[in-house]
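**Student:** Coordinates in my_file-v1.cif, mmCIF, C-alpha atoms, are listed below.
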data_model
loop_
_atom_site.group_PDB
_atom_site.id
_atom_site.type_symbol
_atom_site.label_atom_id
_atom_site.label_comp_id
_atom_site.auth_asym_id
_atom_site.auth_seq_id
_atom_site.Cartn_x
_atom_site.Cartn_y
_atom_site.Cartn_z
ATOM 1 C CA SER A 4 0.000 0.000 0.000
ATOM 2 C CA SER A 5 1.152 3.570 -0.544
ATOM 3 C CA GLN A 6 1.293 4.328 3.178
ATOM 4 C CA GLN A 7 3.624 1.406 3.796
ATOM 5 C CA PHE A 8 5.689 2.471 0.819
ATOM 6 C CA SER A 9 6.124 6.025 2.079
ATOM 7 C CA ALA A 10 7.064 4.749 5.544
ATOM 8 C CA LEU A 11 9.635 2.424 3.991
ATOM 9 C CA THR A 12 10.964 5.210 1.766
ATOM 10 C CA GLU A 13 11.377 7.394 4.820
ATOM 11 C CA VAL A 14 13.425 4.709 6.564
ATOM 12 C CA LEU A 15 15.537 4.262 3.442
ATOM 13 C CA PHE A 16 16.304 7.943 3.014
ATOM 14 C CA ARG A 17 17.119 8.378 6.664
ATOM 15 C CA PHE A 18 19.709 5.662 6.257
ATOM 16 C CA LEU A 19 21.096 7.225 3.065
ATOM 17 C CA MET A 20 21.535 10.528 4.862
ATOM 18 C CA GLU A 21 23.347 8.935 7.766
ATOM 19 C CA PRO A 22 25.061 5.861 6.386
ATOM 20 C CA LYS A 23 26.875 5.295 9.667
ATOM 21 C CA GLU A 24 23.618 4.624 11.552
ATOM 22 C CA VAL A 25 23.504 1.008 10.426
ATOM 23 C CA GLU A 26 22.059 -0.368 13.657
ATOM 24 C CA ARG A 27 19.273 2.173 13.712
ATOM 25 C CA PHE A 28 18.468 1.362 10.095
ATOM 26 C CA LEU A 29 18.264 -2.364 10.830
ATOM 27 C CA THR A 30 16.074 -1.761 13.904
ATOM 28 C CA GLN A 31 13.713 0.426 11.902
ATOM 29 C CA LEU A 32 13.561 -2.215 9.172
ATOM 30 C CA SER A 33 12.653 -4.979 11.609
ATOM 31 C CA ASP A 34 10.031 -2.692 13.228
ATOM 32 C CA PHE A 35 8.573 -2.081 9.783
ATOM 33 C CA ALA A 36 8.566 -5.826 9.091
ATOM 34 C CA THR A 37 6.742 -6.653 12.357
ATOM 35 C CA MET A 38 4.226 -3.826 11.919
ATOM 36 C CA ASN A 39 3.326 -4.927 8.429
ATOM 37 C CA LYS A 40 3.598 -8.638 9.083
ATOM 38 C CA ILE A 41 6.327 -9.229 6.507
ATOM 39 C CA SER A 42 9.300 -11.438 7.247
ATOM 40 C CA LEU A 43 12.574 -9.598 7.660
ATOM 41 C CA GLY A 44 14.660 -11.733 5.254
ATOM 42 C CA PRO A 45 12.813 -10.956 2.009
ATOM 43 C CA LEU A 46 12.362 -7.357 3.161
ATOM 44 C CA LYS A 47 16.121 -6.993 3.525
ATOM 45 C CA ASN A 48 16.633 -8.331 0.003
ATOM 46 C CA ILE A 49 14.075 -5.935 -1.432
ATOM 47 C CA VAL A 50 15.655 -3.031 0.422
ATOM 48 C CA LYS A 51 19.101 -4.006 -0.856
ATOM 49 C CA SER A 52 17.880 -3.858 -4.442
ATOM 50 C CA ILE A 53 16.021 -0.618 -3.856
ATOM 51 C CA LEU A 54 19.145 1.002 -2.392
ATOM 52 C CA LEU A 55 21.056 0.220 -5.569
ATOM 53 C CA VAL A 56 18.977 2.763 -7.462
ATOM 54 C CA PRO A 57 19.790 5.882 -5.384
ATOM 55 C CA ASN A 58 23.452 4.880 -5.056
ATOM 56 C CA GLY A 59 23.778 4.462 -8.822
ATOM 57 C CA ALA A 60 21.852 7.682 -9.366
ATOM 58 C CA LEU A 61 24.258 9.533 -7.115
ATOM 59 C CA LYS A 62 27.274 8.183 -8.959
ATOM 60 C CA ARG A 63 25.872 9.223 -12.281
ATOM 61 C CA ASN A 64 24.302 12.507 -11.135
ATOM 62 C CA LEU A 65 20.823 11.479 -12.309
ATOM 63 C CA SER A 66 17.929 13.894 -12.200
ATOM 64 C CA SER A 67 14.736 12.939 -10.363
ATOM 65 C CA GLU A 68 12.968 12.209 -13.701
ATOM 66 C CA GLN A 69 15.678 9.712 -14.551
ATOM 67 C CA VAL A 70 15.341 8.088 -11.113
ATOM 68 C CA ARG A 71 11.595 7.845 -11.636
ATOM 69 C CA ALA A 72 12.091 6.310 -15.086
ATOM 70 C CA ASP A 73 14.564 3.796 -13.642
ATOM 71 C CA PHE A 74 12.114 2.681 -11.002
ATOM 72 C CA ILE A 75 9.273 2.327 -13.505
ATOM 73 C CA ALA A 76 11.584 0.276 -15.719
ATOM 74 C CA LEU A 77 12.237 -1.957 -12.706
ATOM 75 C CA GLY A 78 8.520 -2.592 -12.323
ATOM 76 C CA LEU A 79 7.457 -0.144 -9.630
ATOM 77 C CA SER A 80 4.038 1.506 -9.989
ATOM 78 C CA GLU A 81 4.019 5.050 -11.391
ATOM 79 C CA GLU A 82 2.655 6.527 -8.217
ATOM 80 C CA LYS A 83 5.329 4.950 -6.030
ATOM 81 C CA ALA A 84 8.093 5.811 -8.500
ATOM 82 C CA SER A 85 7.008 9.477 -8.555
ATOM 83 C CA TYR A 86 6.897 9.575 -4.782
ATOM 84 C CA PHE A 87 10.409 8.172 -4.562
ATOM 85 C CA ALA A 88 11.652 10.583 -7.220
ATOM 86 C CA GLU A 89 10.168 13.478 -5.252
ATOM 87 C CA GLN A 90 11.955 12.375 -2.112
ATOM 88 C CA TRP A 91 15.091 12.031 -4.184
ATOM 89 C CA LYS A 92 14.842 15.601 -5.459
ATOM 90 C CA VAL A 93 14.455 16.909 -1.928
ATOM 91 C CA ASN A 94 17.319 14.923 -0.513
ATOM 92 C CA SER A 95 19.842 14.874 -3.348
ATOM 93 C CA PRO A 96 21.778 18.028 -2.371
ATOM 94 C CA THR A 97 22.521 16.513 1.023
ATOM 95 C CA LEU A 98 23.308 13.138 -0.497
ATOM 96 C CA THR A 99 25.593 14.721 -3.071
ATOM 97 C CA ARG A 100 27.421 16.588 -0.367
ATOM 98 C CA LEU A 101 27.852 13.321 1.537
ATOM 99 C CA ALA A 102 29.245 11.604 -1.553
ATOM 100 C CA VAL A 103 31.701 14.431 -2.164
ATOM 101 C CA GLY A 104 32.739 14.224 1.457
ATOM 102 C CA GLN A 105 33.600 10.580 0.948
ATOM 103 C CA THR A 106 36.055 11.411 -1.820
ATOM 104 C CA LEU A 107 39.473 10.224 -0.863
ATOM 105 C CA MET A 108 41.759 12.776 0.704
ATOM 106 C CA ILE A 109 45.486 12.390 0.921
ATOM 107 C CA ASN A 110 47.042 13.234 4.273
ATOM 108 C CA GLN A 111 44.021 15.051 5.504
ATOM 109 C CA LEU A 112 44.668 17.689 8.155
ATOM 110 C CA ILE A 113 42.387 16.924 11.063
ATOM 111 C CA ASP A 114 43.526 19.188 13.834
ATOM 112 C CA MET A 115 45.967 21.915 14.662
ATOM 113 C CA GLU A 116 47.216 22.878 18.113
ATOM 114 C CA TRP A 117 49.713 25.533 18.980
ATOM 115 C CA LYS A 118 51.675 27.197 21.698
ATOM 116 C CA PHE A 119 54.095 30.028 21.631
ATOM 117 C CA GLY A 120 56.525 31.352 24.123
ATOM 118 C CA VAL A 121 59.802 33.010 24.668
ATOM 119 C CA THR A 122 63.189 31.350 24.631
ATOM 120 C CA ALA A 123 64.790 32.626 27.811
ATOM 121 C CA GLY A 124 68.269 31.201 27.520
ATOM 122 C CA SER A 125 70.308 28.407 26.043
ATOM 123 C CA SER A 126 73.603 26.657 26.554
ATOM 124 C CA GLU A 127 75.212 29.063 24.104
ATOM 125 C CA LEU A 128 73.432 32.253 24.996
ATOM 126 C CA GLU A 129 72.682 33.323 28.523
ATOM 127 C CA LYS A 130 69.841 35.689 27.715
ATOM 128 C CA VAL A 131 67.840 35.258 24.579
ATOM 129 C CA GLY A 132 64.281 36.622 24.653
ATOM 130 C CA SER A 133 63.139 35.455 21.221
ATOM 131 C CA ILE A 134 59.602 34.346 20.481
ATOM 132 C CA PHE A 135 58.897 30.947 18.983
ATOM 133 C CA LEU A 136 55.691 29.396 17.775
ATOM 134 C CA GLN A 137 55.129 25.637 17.890
ATOM 135 C CA LEU A 138 52.431 23.975 15.843
ATOM 136 C CA LYS A 139 51.170 20.451 16.218
ATOM 137 C CA LEU A 140 49.416 19.213 13.089
ATOM 138 C CA VAL A 141 47.322 16.064 13.338
ATOM 139 C CA ILE A 142 47.264 14.306 9.993
ATOM 140 C CA LYS A 143 45.225 11.334 8.896
ATOM 141 C CA LYS A 144 47.416 8.864 7.032
ATOM 142 C CA GLY A 145 45.213 6.035 5.878
ATOM 143 C CA SER A 146 43.488 4.847 9.024
ATOM 144 C CA GLN A 147 46.038 6.201 11.490
ATOM 145 C CA THR A 148 46.737 9.677 12.671
ATOM 146 C CA GLU A 149 50.200 11.141 12.739
ATOM 147 C CA ASN A 150 51.312 14.133 14.793
ATOM 148 C CA VAL A 151 53.726 16.532 13.170
ATOM 149 C CA TYR A 152 55.503 19.112 15.291
ATOM 150 C CA VAL A 153 56.910 22.227 13.679
ATOM 151 C CA GLU A 154 58.519 25.317 15.057
ATOM 152 C CA LEU A 155 58.243 28.674 13.348
ATOM 153 C CA THR A 156 59.847 32.018 13.938
ATOM 154 C CA LEU A 157 57.622 35.044 14.047
ATOM 155 C CA PRO A 158 58.396 36.262 10.515
ATOM 156 C CA GLN A 159 57.748 32.738 9.249
ATOM 157 C CA PHE A 160 54.390 32.719 11.003
ATOM 158 C CA TYR A 161 53.310 35.982 9.413
ATOM 159 C CA SER A 162 54.316 34.856 5.961
ATOM 160 C CA PHE A 163 52.529 31.516 6.530
ATOM 161 C CA LEU A 164 49.380 33.373 7.561
ATOM 162 C CA HIS A 165 49.683 35.527 4.455
ATOM 163 C CA GLU A 166 50.051 32.470 2.204
ATOM 164 C CA MET A 167 47.032 30.774 3.772
ATOM 165 C CA GLU A 168 44.949 33.865 3.177
ATOM 166 C CA ARG A 169 45.995 33.754 -0.457
ATOM 167 C CA VAL A 170 44.888 30.102 -0.613
ATOM 168 C CA LYS A 171 41.519 31.039 0.848
ATOM 169 C CA THR A 172 41.016 33.738 -1.790
ATOM 170 C CA SER A 173 41.954 31.251 -4.481
ATOM 171 C CA LEU A 174 39.565 28.581 -3.158
ATOM 172 C CA GLU A 175 36.771 31.080 -2.862
ATOM 173 C CA SER A 176 37.164 32.269 -6.431
ATOM 174 C CA PHE A 177 36.614 28.682 -7.588
ATOM 175 C CA SER A 178 33.538 27.816 -5.516
ATOM 176 C CA GLN B 21 96.052 25.418 23.504
ATOM 177 C CA LEU B 22 95.889 28.888 22.045
ATOM 178 C CA VAL B 23 92.984 28.008 19.791
ATOM 179 C CA SER B 24 91.167 26.387 22.666
ATOM 180 C CA ALA B 25 91.687 29.458 24.834
ATOM 181 C CA LEU B 26 90.415 31.772 22.097
ATOM 182 C CA HIS B 27 87.438 29.518 21.618
ATOM 183 C CA SER B 28 86.546 29.670 25.314
ATOM 184 C CA LEU B 29 86.954 33.425 25.300
ATOM 185 C CA THR B 30 84.669 33.999 22.339
ATOM 186 C CA ARG B 31 82.090 31.529 23.630
ATOM 187 C CA HIS B 32 82.065 33.299 26.952
ATOM 188 C CA VAL B 33 81.557 36.693 25.351
ATOM 189 C CA VAL B 34 78.737 35.371 23.155
ATOM 190 C CA TYR B 35 77.133 33.637 26.104
ATOM 191 C CA ARG B 36 77.116 36.738 28.249
ATOM 192 C CA GLY B 37 75.994 38.843 25.321
ATOM 193 C CA TRP B 38 78.470 41.642 25.932
ATOM 194 C CA THR B 39 78.596 44.336 23.323
ATOM 195 C CA ARG B 40 80.775 46.924 25.009
ATOM 196 C CA ALA B 41 84.523 46.984 24.766
ATOM 197 C CA GLU B 42 84.947 47.601 28.515
ATOM 198 C CA ASP B 43 83.258 44.322 29.426
ATOM 199 C CA ILE B 44 85.513 42.353 27.143
ATOM 200 C CA LEU B 45 88.669 44.219 28.112
ATOM 201 C CA ALA B 46 87.906 43.411 31.727
ATOM 202 C CA LEU B 47 88.300 39.723 30.940
ATOM 203 C CA PHE B 48 91.976 39.951 30.166
ATOM 204 C CA PRO B 49 94.523 39.598 32.967
ATOM 205 C CA GLU B 50 96.268 42.782 34.109
ATOM 206 C CA ASN B 51 99.657 42.226 32.571
ATOM 207 C CA PHE B 52 98.301 41.230 29.152
ATOM 208 C CA HIS B 53 99.874 42.917 26.170
ATOM 209 C CA GLN B 54 97.957 46.178 25.631
ATOM 210 C CA ASN B 55 97.827 46.280 21.808
ATOM 211 C CA LEU B 56 97.002 42.610 21.512
ATOM 212 C CA LYS B 57 94.231 43.065 24.043
ATOM 213 C CA ASN B 58 92.729 45.919 22.046
ATOM 214 C CA LEU B 59 93.061 44.087 18.749
ATOM 215 C CA LEU B 60 91.375 40.965 20.092
ATOM 216 C CA THR B 61 88.592 43.014 21.638
ATOM 217 C CA LYS B 62 88.024 44.830 18.356
ATOM 218 C CA ILE B 63 87.816 41.591 16.374
ATOM 219 C CA ILE B 64 85.522 39.978 18.918
ATOM 220 C CA LEU B 65 83.219 42.987 18.947
ATOM 221 C CA GLU B 66 82.967 42.907 15.175
ATOM 222 C CA ASN B 67 81.898 39.301 15.168
ATOM 223 C CA VAL B 68 79.794 39.037 18.298
ATOM 224 C CA SER B 69 76.418 39.698 16.710
ATOM 225 C CA ALA B 70 77.070 37.281 13.839
ATOM 226 C CA TRP B 71 78.084 34.618 16.346
ATOM 227 C CA ARG B 72 74.980 35.255 18.429
ATOM 228 C CA SER B 73 72.695 34.867 15.419
ATOM 229 C CA GLU B 74 74.424 31.671 14.451
ATOM 230 C CA ALA B 75 74.097 30.292 17.961
ATOM 231 C CA GLN B 76 70.431 31.125 17.944
ATOM 232 C CA ALA B 77 69.937 29.520 14.550
ATOM 233 C CA SER B 78 71.574 26.321 15.669
ATOM 234 C CA GLN B 79 70.034 25.995 19.101
ATOM 235 C CA ILE B 80 67.967 22.938 19.850
ATOM 236 C CA SER B 81 64.396 23.174 18.764
ATOM 237 C CA LEU B 82 61.557 21.145 17.421
ATOM 238 C CA PRO B 83 61.792 20.479 13.694
ATOM 239 C CA ARG B 84 61.734 23.814 11.962
ATOM 240 C CA LEU B 85 59.621 25.040 9.090
ATOM 241 C CA VAL B 86 61.855 25.830 6.169
ATOM 242 C CA ASP B 87 59.477 26.401 3.269
ATOM 243 C CA VAL B 88 55.788 26.447 2.405
ATOM 244 C CA ASP B 89 54.332 25.705 -1.042
ATOM 245 C CA TRP B 90 50.736 25.252 -2.056
ATOM 246 C CA ARG B 91 48.482 24.578 -4.999
ATOM 247 C CA VAL B 92 44.729 24.633 -5.504
ATOM 248 C CA ASP B 93 43.085 21.781 -7.421
ATOM 249 C CA ILE B 94 39.525 21.398 -8.646
ATOM 250 C CA GLN B 95 38.294 17.846 -8.117
ATOM 251 C CA THR B 96 36.011 16.908 -10.984
ATOM 252 C CA ALA B 97 35.117 13.264 -10.323
ATOM 253 C CA SER B 98 35.613 10.416 -7.900
ATOM 254 C CA ASP B 99 34.493 6.846 -7.474
ATOM 255 C CA SER B 100 31.522 7.925 -5.403
ATOM 256 C CA ILE B 101 30.304 10.702 -7.692
ATOM 257 C CA SER B 102 30.956 11.154 -11.378
ATOM 258 C CA ARG B 103 30.687 14.881 -11.673
ATOM 259 C CA MET B 104 31.632 17.546 -9.211
ATOM 260 C CA ALA B 105 33.628 20.755 -8.974
ATOM 261 C CA VAL B 106 35.223 20.902 -5.569
ATOM 262 C CA PRO B 107 38.268 23.068 -4.973
ATOM 263 C CA THR B 108 40.821 21.665 -2.557
ATOM 264 C CA CYS B 109 44.228 22.801 -1.471
ATOM 265 C CA LEU B 110 47.463 20.844 -1.344
ATOM 266 C CA LEU B 111 49.914 22.299 1.113
ATOM 267 C CA GLN B 112 53.538 21.239 1.207
ATOM 268 C CA LEU B 113 55.597 22.022 4.278
ATOM 269 C CA LYS B 114 59.344 21.543 4.144
ATOM 270 C CA ILE B 115 60.517 20.689 7.602
ATOM 271 C CA GLN B 116 64.082 20.464 8.786
ATOM 272 C CA GLU B 117 64.928 18.164 11.628
ATOM 273 C CA ASP B 118 66.751 19.514 14.679
ATOM 274 C CA VAL B 119 69.718 21.474 13.387
ATOM 275 C CA ALA B 120 71.881 20.515 16.313
ATOM 276 C CA LEU B 121 71.454 16.834 15.497
ATOM 277 C CA CYS B 122 72.080 17.164 11.791
ATOM 278 C CA GLY B 123 75.256 19.202 11.864
ATOM 279 C CA ASP B 124 76.413 19.705 8.305
ATOM 280 C CA ASN B 125 73.884 17.395 6.673
ATOM 281 C CA PRO B 126 70.481 18.912 7.238
ATOM 282 C CA VAL B 127 67.638 16.452 6.961
ATOM 283 C CA VAL B 128 64.713 18.119 5.271
ATOM 284 C CA SER B 129 61.455 16.260 4.864
ATOM 285 C CA ALA B 130 58.472 17.367 2.849
ATOM 286 C CA LEU B 131 55.010 16.904 4.265
ATOM 287 C CA THR B 132 52.109 17.254 1.861
ATOM 288 C CA VAL B 133 48.711 17.840 3.396
ATOM 289 C CA GLU B 134 45.327 18.100 1.735
ATOM 290 C CA LEU B 135 42.920 20.755 2.984
ATOM 291 C CA SER B 136 39.262 21.161 2.176
ATOM 292 C CA LYS B 137 37.774 24.622 2.216
ATOM 293 C CA GLU B 138 36.267 23.996 5.653
ATOM 294 C CA THR B 139 39.584 22.818 7.059
ATOM 295 C CA LEU B 140 41.326 25.859 5.623
ATOM 296 C CA ASP B 141 38.750 28.190 7.147
ATOM 297 C CA THR B 142 39.176 26.554 10.539
ATOM 298 C CA MET B 143 42.939 26.756 10.209
ATOM 299 C CA LEU B 144 42.788 30.437 9.301
ATOM 300 C CA GLU B 145 40.592 31.018 12.318
ATOM 301 C CA GLY B 146 43.254 29.391 14.489
ATOM 302 C CA LEU B 147 46.053 31.360 12.843
ATOM 303 C CA GLY B 148 44.071 34.565 13.349
ATOM 304 C CA ARG B 149 43.756 33.757 17.015
ATOM 305 C CA ILE B 150 47.507 33.209 17.238
ATOM 306 C CA ARG B 151 48.071 36.585 15.616
ATOM 307 C CA ASP B 152 45.726 38.282 18.084
ATOM 308 C CA GLN B 153 47.404 36.571 21.013
ATOM 309 C CA LEU B 154 50.818 37.601 19.706
ATOM 310 C CA SER B 155 49.835 41.252 19.376
ATOM 311 C CA ALA B 156 48.290 41.159 22.841
ATOM 312 C CA VAL B 157 51.597 39.920 24.214
ATOM 313 C CA ALA B 158 53.566 42.449 22.197
ATOM 314 C CA ASN B 159 51.454 45.325 23.420
ATOM 315 C CA LYS B 160 51.836 44.516 27.095
#
So, in terms of structure tokens, how does the structure I just supplied come out?
**Tutor:**
Amino acid sequence: SSQQFSALTEVLFRFLMEPKEVERFLTQLSDFATMNKISLGPLKNIVKSILLVPNGALKRNLSSEQVRADFIALGLSEEKASYFAEQWKVNSPTLTRLAVGQTLMINQLIDMEWKFGVTAGSSELEKVGSIFLQLKLVIKKGSQTENVYVELTLPQFYSFLHEMERVKTSLESFS
Amino acid sequence: QLVSALHSLTRHVVYRGWTRAEDILALFPENFHQNLKNLLTKIILENVSAWRSEAQASQISLPRLVDVDWRVDIQTASDSISRMAVPTCLLQLKIQEDVALCGDNPVVSALTVELSKETLDTMLEGLGRIRDQLSAVANK
């Protein structure tokens, strides 16, 4: 029935939006199965095949008309296909953003910590009084994180800041 | 022995950070040859600031930033989405390991990091905060 279909669609899209919430998805599926007196096994298979359509659509940047046409070609009723396509249109910006976010990143910078202070003295110089800046960069290498420690002098810091502002301008001109 | 004595003398002057002739002259024993004393003091004074900078450059520290390069790419496709236009930044930091450990053979490693626009914005926020904190300290 159309009510059951819209409830199922809702569950499906919620999962697509938050692909990490696998347990919640499975719980909602089994609730749906019990409420509608369907067995969970065949439901899971149906859901698996249904999910192929939005995932493929995302990969190929399909419009909602194309999604609707795909579903009708697969044997879904027009009404249900249109409903799904509507939901798709509403949710595709978020889904696209999620897909872009999954694009592989090399040595992604996750975090940056810093401290700065004054060098008071050293074994060669009794009184120094120079400022240093220490940065700790947390970088994701594959599945591990690596900490990189760097020290900068003040002039280096200012030129680094300047360069980063140039990068920001460049990135903004391309968005 | 002479070289070693000169070395100790210059190190001592650099350590104490003396820049006036009187302080250095005071180091010599009373019956030291007058002209030699003046000549040595003159030479030391000429070199003291260069020696101080060198000592500061070679003091122990965390790995130091030597160079920064960057480039901006536009990502057009990936395995999860066939068409997109996302600008990202690749940042390369050249880092030199502790100078004191390397001596004459500096070990420079290059670290390449990828930054999304959001990461860059957050980083700039952090750098801005550092700059504000630095000027607050400088103005005290």
**Student:** Using all atoms listed in the file, find the one residue out of B:Met143, B:Asn55, B:Trp71, B:Tyr35 that sits nearest to chain A.
**Tutor:** B:Tyr35
**Student:** Distance cut-off 8 Å, counting all atoms listed in the file - which residues of chain A neighbour chain B? Return them as a PyMOL selection string.
**Tutor:** chain A and resi 61-64+99+102-103+105-106+108-113+115+125-130+137+142+152-155+159+163-164+167-168+170-171+173-174+177-178
**Student:** For the residues in that selection, give me C-alpha atoms as a PDB file, in the coordinates of the input.
**Tutor:**
ATOM      1  CA  LEU A  61      24.258   9.533  -7.115  1.00  0.00           C
ATOM      2  CA  LYS A  62      27.274   8.183  -8.959  1.00  0.00           C
ATOM      3  CA  ARG A  63      25.872   9.223 -12.281  1.00  0.00           C
ATOM      4  CA  ASN A  64      24.302  12.507 -11.135  1.00  0.00           C
ATOM      5  CA  THR A  99      25.593  14.721  -3.071  1.00  0.00           C
ATOM      6  CA  ALA A 102      29.245  11.604  -1.553  1.00  0.00           C
ATOM      7  CA  VAL A 103      31.701  14.431  -2.164  1.00  0.00           C
ATOM      8  CA  GLN A 105      33.600  10.580   0.948  1.00  0.00           C
ATOM      9  CA  THR A 106      36.055  11.411  -1.820  1.00  0.00           C
ATOM     10  CA  MET A 108      41.759  12.776   0.704  1.00  0.00           C
ATOM     11  CA  ILE A 109      45.486  12.390   0.921  1.00  0.00           C
ATOM     12  CA  ASN A 110      47.042  13.234   4.273  1.00  0.00           C
ATOM     13  CA  GLN A 111      44.021  15.051   5.504  1.00  0.00           C
ATOM     14  CA  LEU A 112      44.668  17.689   8.155  1.00  0.00           C
ATOM     15  CA  ILE A 113      42.387  16.924  11.063  1.00  0.00           C
ATOM     16  CA  MET A 115      45.967  21.915  14.662  1.00  0.00           C
ATOM     17  CA  SER A 125      70.308  28.407  26.043  1.00  0.00           C
ATOM     18  CA  SER A 126      73.603  26.657  26.554  1.00  0.00           C
ATOM     19  CA  GLU A 127      75.212  29.063  24.104  1.00  0.00           C
ATOM     20  CA  LEU A 128      73.432  32.253  24.996  1.00  0.00           C
ATOM     21  CA  GLU A 129      72.682  33.323  28.523  1.00  0.00           C
ATOM     22  CA  LYS A 130      69.841  35.689  27.715  1.00  0.00           C
ATOM     23  CA  GLN A 137      55.129  25.637  17.890  1.00  0.00           C
ATOM     24  CA  ILE A 142      47.264  14.306   9.993  1.00  0.00           C
ATOM     25  CA  TYR A 152      55.503  19.112  15.291  1.00  0.00           C
ATOM     26  CA  VAL A 153      56.910  22.227  13.679  1.00  0.00           C
ATOM     27  CA  GLU A 154      58.519  25.317  15.057  1.00  0.00           C
ATOM     28  CA  LEU A 155      58.243  28.674  13.348  1.00  0.00           C
ATOM     29  CA  GLN A 159      57.748  32.738   9.249  1.00  0.00           C
ATOM     30  CA  PHE A 163      52.529  31.516   6.530  1.00  0.00           C
ATOM     31  CA  LEU A 164      49.380  33.373   7.561  1.00  0.00           C
ATOM     32  CA  MET A 167      47.032  30.774   3.772  1.00  0.00           C
ATOM     33  CA  GLU A 168      44.949  33.865   3.177  1.00  0.00           C
ATOM     34  CA  VAL A 170      44.888  30.102  -0.613  1.00  0.00           C
ATOM     35  CA  LYS A 171      41.519  31.039   0.848  1.00  0.00           C
ATOM     36  CA  SER A 173      41.954  31.251  -4.481  1.00  0.00           C
ATOM     37  CA  LEU A 174      39.565  28.581  -3.158  1.00  0.00           C
ATOM     38  CA  PHE A 177      36.614  28.682  -7.588  1.00  0.00           C
ATOM     39  CA  SER A 178      33.538  27.816  -5.516  1.00  0.00           C
TER      40      SER A 178
END
**Student:** Record the distance separating CA of Ser42 in chain A and CA of Asn94 in chain A, expressed in Å with one decimal.
**Tutor:**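 Between CA of Ser42 in chain A and CA of Asn94 in chain A the gap is 28.6 Å.
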**Student:** Could you tell me which residues the PyMOL selection byres ((chain B and resi 41-50) around 9) grabs in this file, written as a ChimeraX atom specification?
**Tutor:** /B:29,33,38-40,51-53,57-58,61-62,64-65
**Student:** Since we have the selection now, will you write its residues out, keeping C-alpha atoms, as a PDB file, keeping the file's coordinate frame?
**Tutor:**
ATOM      1  CA  LEU B  29      86.954  33.425  25.300  1.00  0.00           C
ATOM      2  CA  VAL B  33      81.557  36.693  25.351  1.00  0.00           C
ATOM      3  CA  TRP B  38      78.470  41.642  25.932  1.00  0.00           C
ATOM      4  CA  THR B  39      78.596  44.336  23.323  1.00  0.00           C
ATOM      5  CA  ARG B  40      80.775  46.924  25.009  1.00  0.00           C
ATOM      6  CA  ASN B  51      99.657  42.226  32.571  1.00  0.00           C
ATOM      7  CA  PHE B  52      98.301  41.230  29.152  1.00  0.00           C
ATOM      8  CA  HIS B  53      99.874  42.917  26.170  1.00  0.00           C
ATOM      9  CA  LYS B  57      94.231  43.065  24.043  1.00  0.00           C
ATOM     10  CA  ASN B  58      92.729  45.919  22.046  1.00  0.00           C
ATOM     11  CA  THR B  61      88.592  43.014  21.638  1.00  0.00           C
ATOM     12  CA  LYS B  62      88.024  44.830  18.356  1.00  0.00           C
ATOM     13  CA  ILE B  64      85.522  39.978  18.918  1.00  0.00           C
ATOM     14  CA  LEU B  65      83.219  42.987  18.947  1.00  0.00           C
TER      15      LEU B  65
END
**Student:** Around (49.2, 13.3, 17.3) in the file's own coordinates, what residues are found within 12 Å if you use all atoms listed in the file, given back as a PyMOL selection string?
**Tutor:** chain A and resi 112-116+138-144+147-152
**Student:** Report the distance between CA of Trp91 in chain A and CA of Leu77 in chain A in Å, rounded to one decimal place.
**Tutor:** 16.6 Å
**Student:** Could you check how far CA of Ile75 in chain A sits from CA of Lys47 in chain A, in Å to one decimal?
**Tutor:**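 CA of Lys47 in chain A lies at a distance of 20.6 Å from CA of Ile75 in chain A.
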**Student:** Between A:Glu175, A:Ala72, A:Glu166, A:Phe87, which has the minimum distance to Glu13 in chain A (counting only C-alpha atoms)?
**Tutor:**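 Closest to Glu13 in chain A of all the choices is A:Phe87.
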**Student:** Find the residue from A:Leu157, A:Ala88, A:Ile134, A:Val93 that sits nearest to Ala60 in chain A; use only C-alpha atoms when measuring.
**Tutor:**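 Of all the options, A:Ala88 lies closest to Ala60 in chain A.
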**Student:** Pick the closest to Thr30 in chain B from B:Glu138, B:Glu145, B:Glu66, B:Asp124: which is it, counting all atoms listed in the file?
**Tutor:**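 Nearest to Thr30 in chain B: B:Glu66.
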**Student:** Tell me which residues the PyMOL selection byres ((chain A and resi 15-17) around 8) grabs here, as a PDB file with C-alpha atoms, in the coordinates of the input.
**Tutor:**
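Result file selection.pdb:
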ATOM      1  CA  LEU A  11       9.635   2.424   3.991  1.00  0.00           C
ATOM      2  CA  THR A  12      10.964   5.210   1.766  1.00  0.00           C
ATOM      3  CA  GLU A  13      11.377   7.394   4.820  1.00  0.00           C
ATOM      4  CA  VAL A  14      13.425   4.709   6.564  1.00  0.00           C
ATOM      5  CA  PHE A  18      19.709   5.662   6.257  1.00  0.00           C
ATOM      6  CA  LEU A  19      21.096   7.225   3.065  1.00  0.00           C
ATOM      7  CA  MET A  20      21.535  10.528   4.862  1.00  0.00           C
ATOM      8  CA  GLU A  21      23.347   8.935   7.766  1.00  0.00           C
ATOM      9  CA  PHE A  28      18.468   1.362  10.095  1.00  0.00           C
ATOM     10  CA  VAL A  50      15.655  -3.031   0.422  1.00  0.00           C
ATOM     11  CA  LEU A  54      19.145   1.002  -2.392  1.00  0.00           C
ATOM     12  CA  ASN A  94      17.319  14.923  -0.513  1.00  0.00           C
TER      13      ASN A  94
END
**Student:** Where does the PyMOL selection byres ((chain B and resi 127) around 9) land in this file, that is, which residues does it pick, as a list in words?
**Tutor:** Ile115, Gln116, Glu117, Asp118, Val119, Cys122, Asn125, Pro126, Val128 and Ser129 of chain B
**Student:** Between A:Ser66, A:Thr122, A:Ser33, A:Ser162, which residue has the minimum interatomic distance to Pro45 in chain A, considering all atoms listed in the file?
**Tutor:**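 The closest residue to Pro45 in chain A is A:Ser33.
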